[in-house]
Every structure is written in C-alpha cells, then in structure tokens.
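This report concerns only the one structure given below.
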Amino acid sequence: MSEEIVCKNVSLGYESGIVAENIDFTVCSGDYLCILGENGSGKSTLVKTILGLHPVSAGNIERNISGIGYLPQQTTVQKDFPASVREIVLSGYLGKCGLRPFYKKAEREGAEKNMERLGITHLSHCCYRELSGGQQQRVLLARALCAADKMLLLDEPVTGLDPKAQIDLYELIAKLNNERHYDDNGLTRCSLIRQICLPYTAYRCEKTAFLRQNRGLSQQQDRENISIRKGKGK
C-alpha cells in the first residue's frame with residue numbers, strides 16, 4: 001500500500017512552548033488509524049498540522065495525496081447555520097471549483113450519492129439548524145466525503161452526541177472505511193485518522209495510537225511513547 005502521510009520526528013507547539021514532540025508515524029492507503037490522547041496532548045493540533053493549517057515546530061510531514069476531507073469539531077455557530085442539507089453537502093466541492101461559479105453535474109450527482117451513503121437523502125431539503133446532533137454530523141460527514149479523494153480526517157466527530165448516536169456514527173465510519181470505490185487511479189479505500197475517547201471505537205479501528213502529553217507518538221517499538229494495537233476492523 002502507498003504511503004499517504006508520513007510524519008518524521010515532528011514537534012508541535014505554539015509561542016508558549018512545545019505541546020508534543022518525537023512524533024513518527026505513517027498512514028498508508030486503506031488504513032483506519034485512531035489517535036487517542038488525554039486533554040492537552042496535542043491531538044487537534046496534530047490534525048491541523050497534517051492539514052497544513054498549523055506549522056510544524058520541528059521535523060517534517062510528507063503529504064503524498066491531495067483532496068483530504070476534514071470533519072472538524074463543530075462549534076455553536078456551525079450548529080445554527082441557516083442552509084439546507086443539500087447546500088451544505090454540495091459545499092464540500094467548493095475547494096475543487098476554483099473560479100468556477102457553479103457546480104458540475106458530476107459534483108451534484110456526487111453530493112446525492114454521498115447523502116444516500118449516509119442515509120440522509122430524505123433530509124436534503126431540510127434546514128441544517130433544525131436537525132438533531134447525530135443528523136448534523138452525518139451531513140458534515142457527507143460534506144467531507146465530497147471534499148475527499150482518498151482520505152478523511154475526523155476530529156472528535158461524536159462530541160456532544162448521545163451514546164446511541166455515537167455508536168451509530170462510529171459504525172458508519174467503519175463501514176465507509178471498508179467501502180471500495182473507483183476513481184481515476186483505480187481501486188482505492190478511504191483512509192481515516194481520528195481521535196476518540198470510547199474503547200468501543202478503538203476496538204473497530206485497524207490501528208490505534210496514543211499521543212502522550214510532552215512525550216510523543218511513534219509507530220516504532222518505543223512503548224514509552226505509543227501503543228499500536230491491531231483491531232478487528234471489518
């Protein structure tokens with residue numbers, strides 16, 4: 001499998017100091033990687049750094065793919081956004097439109113397909129702000145799928161959801177990772193990196209990494225900094 005993201009001896013930090021260091025790991029095509037860590041360990045900072053939204057303090061991150069779908073932590077303002085479900089899902093293609101002021105037929109069809117995959121087609125004309133928390137996350141995940149080519153990055157996707165909605169969303173994410181689809185490069189699988197707190201979800205992942213505050217994350221045998229566990233992902 002091809003290496004899509006490679007982090008080499010990465011340090012994360014801000015002006016106030018280093019948050020995490022000695023981060024070494026690789027994400028290959030088709031991986032389902034779950035990044036765990038206590039509050040303040042640098043999980044969200046790592047996600048933003050992988051996306052290029054935050055600079056590395058040291059080390060290097062190789063990004064060998066483009067078109068990463070990103071599902072950030074949802075804010076109160078986002079939850080109250082006055083747009084239809086179809087409009088929000090379609091907006092996932094905005095980064096691919098360039099200066100073009102309209103969506104292509106293929107993009108509109110892609111949005112419909114992703115709404116169907118996530119079971120929200122019947123909500124397409126509903127106002128996003130009127131949906132439940134679980135329904136809103138499905139809408140945002142469909143939007144991320146529109147933006148994604150081969151990888152999804154999910155940052156605490158179940159925050160604020162009730163236990164049943166959390167399990168349902170995690171089951172859906174596992175299903176998406178196992179789906180195979182064709183693109184211009186042939187057969188691929190979505191790769192996912194996400195941070196979670198439920199043991200149930202770690203069980204579903206193929207790989208689990210632990211980011212420890214002021215230490216680091218690595219896929220080597222340094223058990224002081226990381227534990228990698230092979231799961232039973234379907």
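Identifiers in this document derive from the order of the structure tokens: chains are assigned A, B, ..., residues are numbered from 1 separately in each chain, and ligands are numbered from 1 in order of occurrence.
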_Distance query Ala58 in chain A at most 6 Å, only C-alpha atoms, self and fewer than 2 positions along chain excluded, as an NGL selection string_ = :A and (10-11 or 56)
Please produce a file of the residues just selected, as a PDB file, in the first residue's frame, where the atoms kept are C-alpha atoms.
```pdb
ATOM      1  CA  VAL A  10       7.631  16.055  14.281  1.00  0.00           C
ATOM      2  CA  SER A  11       7.298  18.533  17.144  1.00  0.00           C
ATOM      3  CA  VAL A  56       5.377  22.168  12.492  1.00  0.00           C
TER       4      VAL A  56
END
```
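Take CA of Thr76 in chain A and CA of Leu141 in chain A: the distance between them is 17.2 Å.
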_To test your reading of the structure, identify every residue in range 38-162 of chain A that backbone DSSP assigns to helix (DSSP H, G or I), and report it as a PyMOL selection string._
chain A and resi 43-51+76-79+85-97+105-117+121-123+128-130+133-147
Range 40-140 of chain A residues near range 21-34 of chain A within 10 Å, closest pair each, using only C-alpha atoms, as a tab-separated table:
```
residue	atom	partner	partner_atom	distance
A:Gly42	CA	A:Glu21	CA	9.6
A:Leu46	CA	A:Ile23	CA	9.4
A:Ser57	CA	A:Glu21	CA	8.9
A:Ala58	CA	A:Glu21	CA	8.3
A:Gly59	CA	A:Asn22	CA	8.5
A:Asn60	CA	A:Asp24	CA	9.6
A:Ile61	CA	A:Asp24	CA	9.4
A:Glu62	CA	A:Thr26	CA	9.4
A:Arg63	CA	A:Val27	CA	9.9
A:Asn64	CA	A:Cys28	CA	9.9
A:Ile65	CA	A:Ser29	CA	9.8
```
*asked:* So, with only C-alpha atoms as the atoms that count, which of A:Ala111, A:Leu99, A:Leu145, A:Leu153 lies closest to Thr49 in chain A?
replied: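 Ranking A:Ala111, A:Leu99, A:Leu145, A:Leu153 by distance to Thr49 in chain A, first place goes to A:Leu153.
CA of Leu36 in chain A lies 18.4 Å from CA of Leu161 in chain A.
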*Shortest interatomic distance to Thr75 in chain A - which of A:Asp168, A:Thr159, A:His54, A:Ala144, counting only C-alpha atoms*: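 Using only C-alpha atoms, Thr75 in chain A sits closest to A:Thr159.
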_Contacts of Arg86 in chain A within 9 Å, only C-alpha atoms, excl. fewer than 6 positions in-chain, as a list in words_ = Ala111, Glu112, Met115, Thr121, Leu123, Ser124, His125, Cys126 and Val139 of chain A
*May I have the residues within 7 Å of Ala83 in chain A as a ChimeraX atom specification, using only C-alpha atoms and disregarding those fewer than 5 positions away in the same chain?*
/A:88,127-128
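CA of Arg143 in chain A is found 16.4 Å from CA of Lys105 in chain A.
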Skip Gly160 in chain A itself and residues of its chain fewer than 2 positions away, then list as a compact mmCIF listing (two decimals) with N, CA and C atoms, in the first residue's frame all residues within 12 Å of it, counting only C-alpha atoms.
```txt
# COMPACT_ATOMS: atom_id res chain seq x y z
N GLN A 73 -14.14 19.71 14.74
CA GLN A 73 -15.06 19.79 15.86
C GLN A 73 -16.08 20.88 15.55
N GLN A 74 -17.34 20.58 15.80
CA GLN A 74 -18.40 21.51 15.46
C GLN A 74 -18.57 22.58 16.53
N THR A 75 -18.74 23.84 16.10
CA THR A 75 -18.95 24.95 17.02
C THR A 75 -20.43 25.28 17.12
N THR A 76 -20.78 26.10 18.10
CA THR A 76 -22.18 26.51 18.28
C THR A 76 -22.69 27.27 17.06
N LYS A 79 -23.59 24.84 14.26
CA LYS A 79 -24.82 24.10 14.52
C LYS A 79 -26.06 24.90 14.14
N SER A 132 -31.16 17.04 14.36
CA SER A 132 -30.56 16.57 15.62
C SER A 132 -29.05 16.57 15.48
N GLY A 133 -28.35 16.41 16.60
CA GLY A 133 -26.89 16.41 16.56
C GLY A 133 -26.33 15.29 15.70
N GLY A 134 -26.93 14.10 15.81
CA GLY A 134 -26.48 12.97 15.01
C GLY A 134 -26.71 13.19 13.52
N GLN A 136 -26.88 16.12 12.03
CA GLN A 136 -25.94 17.16 11.59
C GLN A 136 -24.57 16.58 11.30
N GLN A 137 -24.10 15.66 12.14
CA GLN A 137 -22.79 15.05 11.91
C GLN A 137 -22.78 14.22 10.64
N GLU A 156 -12.66 14.39 16.66
CA GLU A 156 -13.69 14.15 17.67
C GLU A 156 -15.08 14.28 17.07
N PRO A 157 -15.44 13.40 16.14
CA PRO A 157 -16.70 13.53 15.40
C PRO A 157 -17.96 13.30 16.21
N VAL A 158 -17.85 12.73 17.42
CA VAL A 158 -19.07 12.42 18.18
C VAL A 158 -19.25 13.32 19.39
N ASP A 162 -25.42 11.78 21.91
CA ASP A 162 -25.79 10.80 22.93
C ASP A 162 -25.14 9.46 22.59
N PRO A 163 -25.06 8.55 23.57
CA PRO A 163 -24.34 7.28 23.35
C PRO A 163 -24.79 6.51 22.11
N LYS A 164 -26.09 6.41 21.87
CA LYS A 164 -26.58 5.66 20.70
C LYS A 164 -26.13 6.33 19.41
N ALA A 165 -26.21 7.67 19.35
CA ALA A 165 -25.79 8.39 18.15
C ALA A 165 -24.29 8.23 17.93
N GLN A 166 -23.52 8.16 19.02
CA GLN A 166 -22.07 7.94 18.90
C GLN A 166 -21.78 6.59 18.27
```
Give me the residues within 10 Å of Leu94 in chain A as a PDB file with C-alpha atoms, in the first residue's frame, counting only C-alpha atoms and dropping any in the same chain fewer than 5 places off.
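Printed below is around-v1.pdb as written:
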```pdb
ATOM      1  CA  LEU A  99     -13.000  30.269 -10.109  1.00  0.00           C
ATOM      2  CA  ARG A 100     -15.967  28.351 -11.498  1.00  0.00           C
ATOM      3  CA  PRO A 101     -19.181  29.917 -10.051  1.00  0.00           C
ATOM      4  CA  PHE A 102     -21.294  26.761 -10.354  1.00  0.00           C
ATOM      5  CA  TYR A 103     -21.242  23.052  -9.590  1.00  0.00           C
ATOM      6  CA  GLU A 107     -20.491  17.152  -8.407  1.00  0.00           C
ATOM      7  CA  CYS A 146     -17.389  15.331  -1.246  1.00  0.00           C
ATOM      8  CA  ALA A 147     -14.131  17.120  -0.456  1.00  0.00           C
TER       9      ALA A 147
END
```
*Enumerate as a PyMOL selection string all residues of range 32-168 of chain A assigned to strand (DSSP E or B) by DSSP on the backbone, naming them with the chain letters and numbers the document uses.*
chain A and resi 32-37+58-63+68-71+84+127+151-155
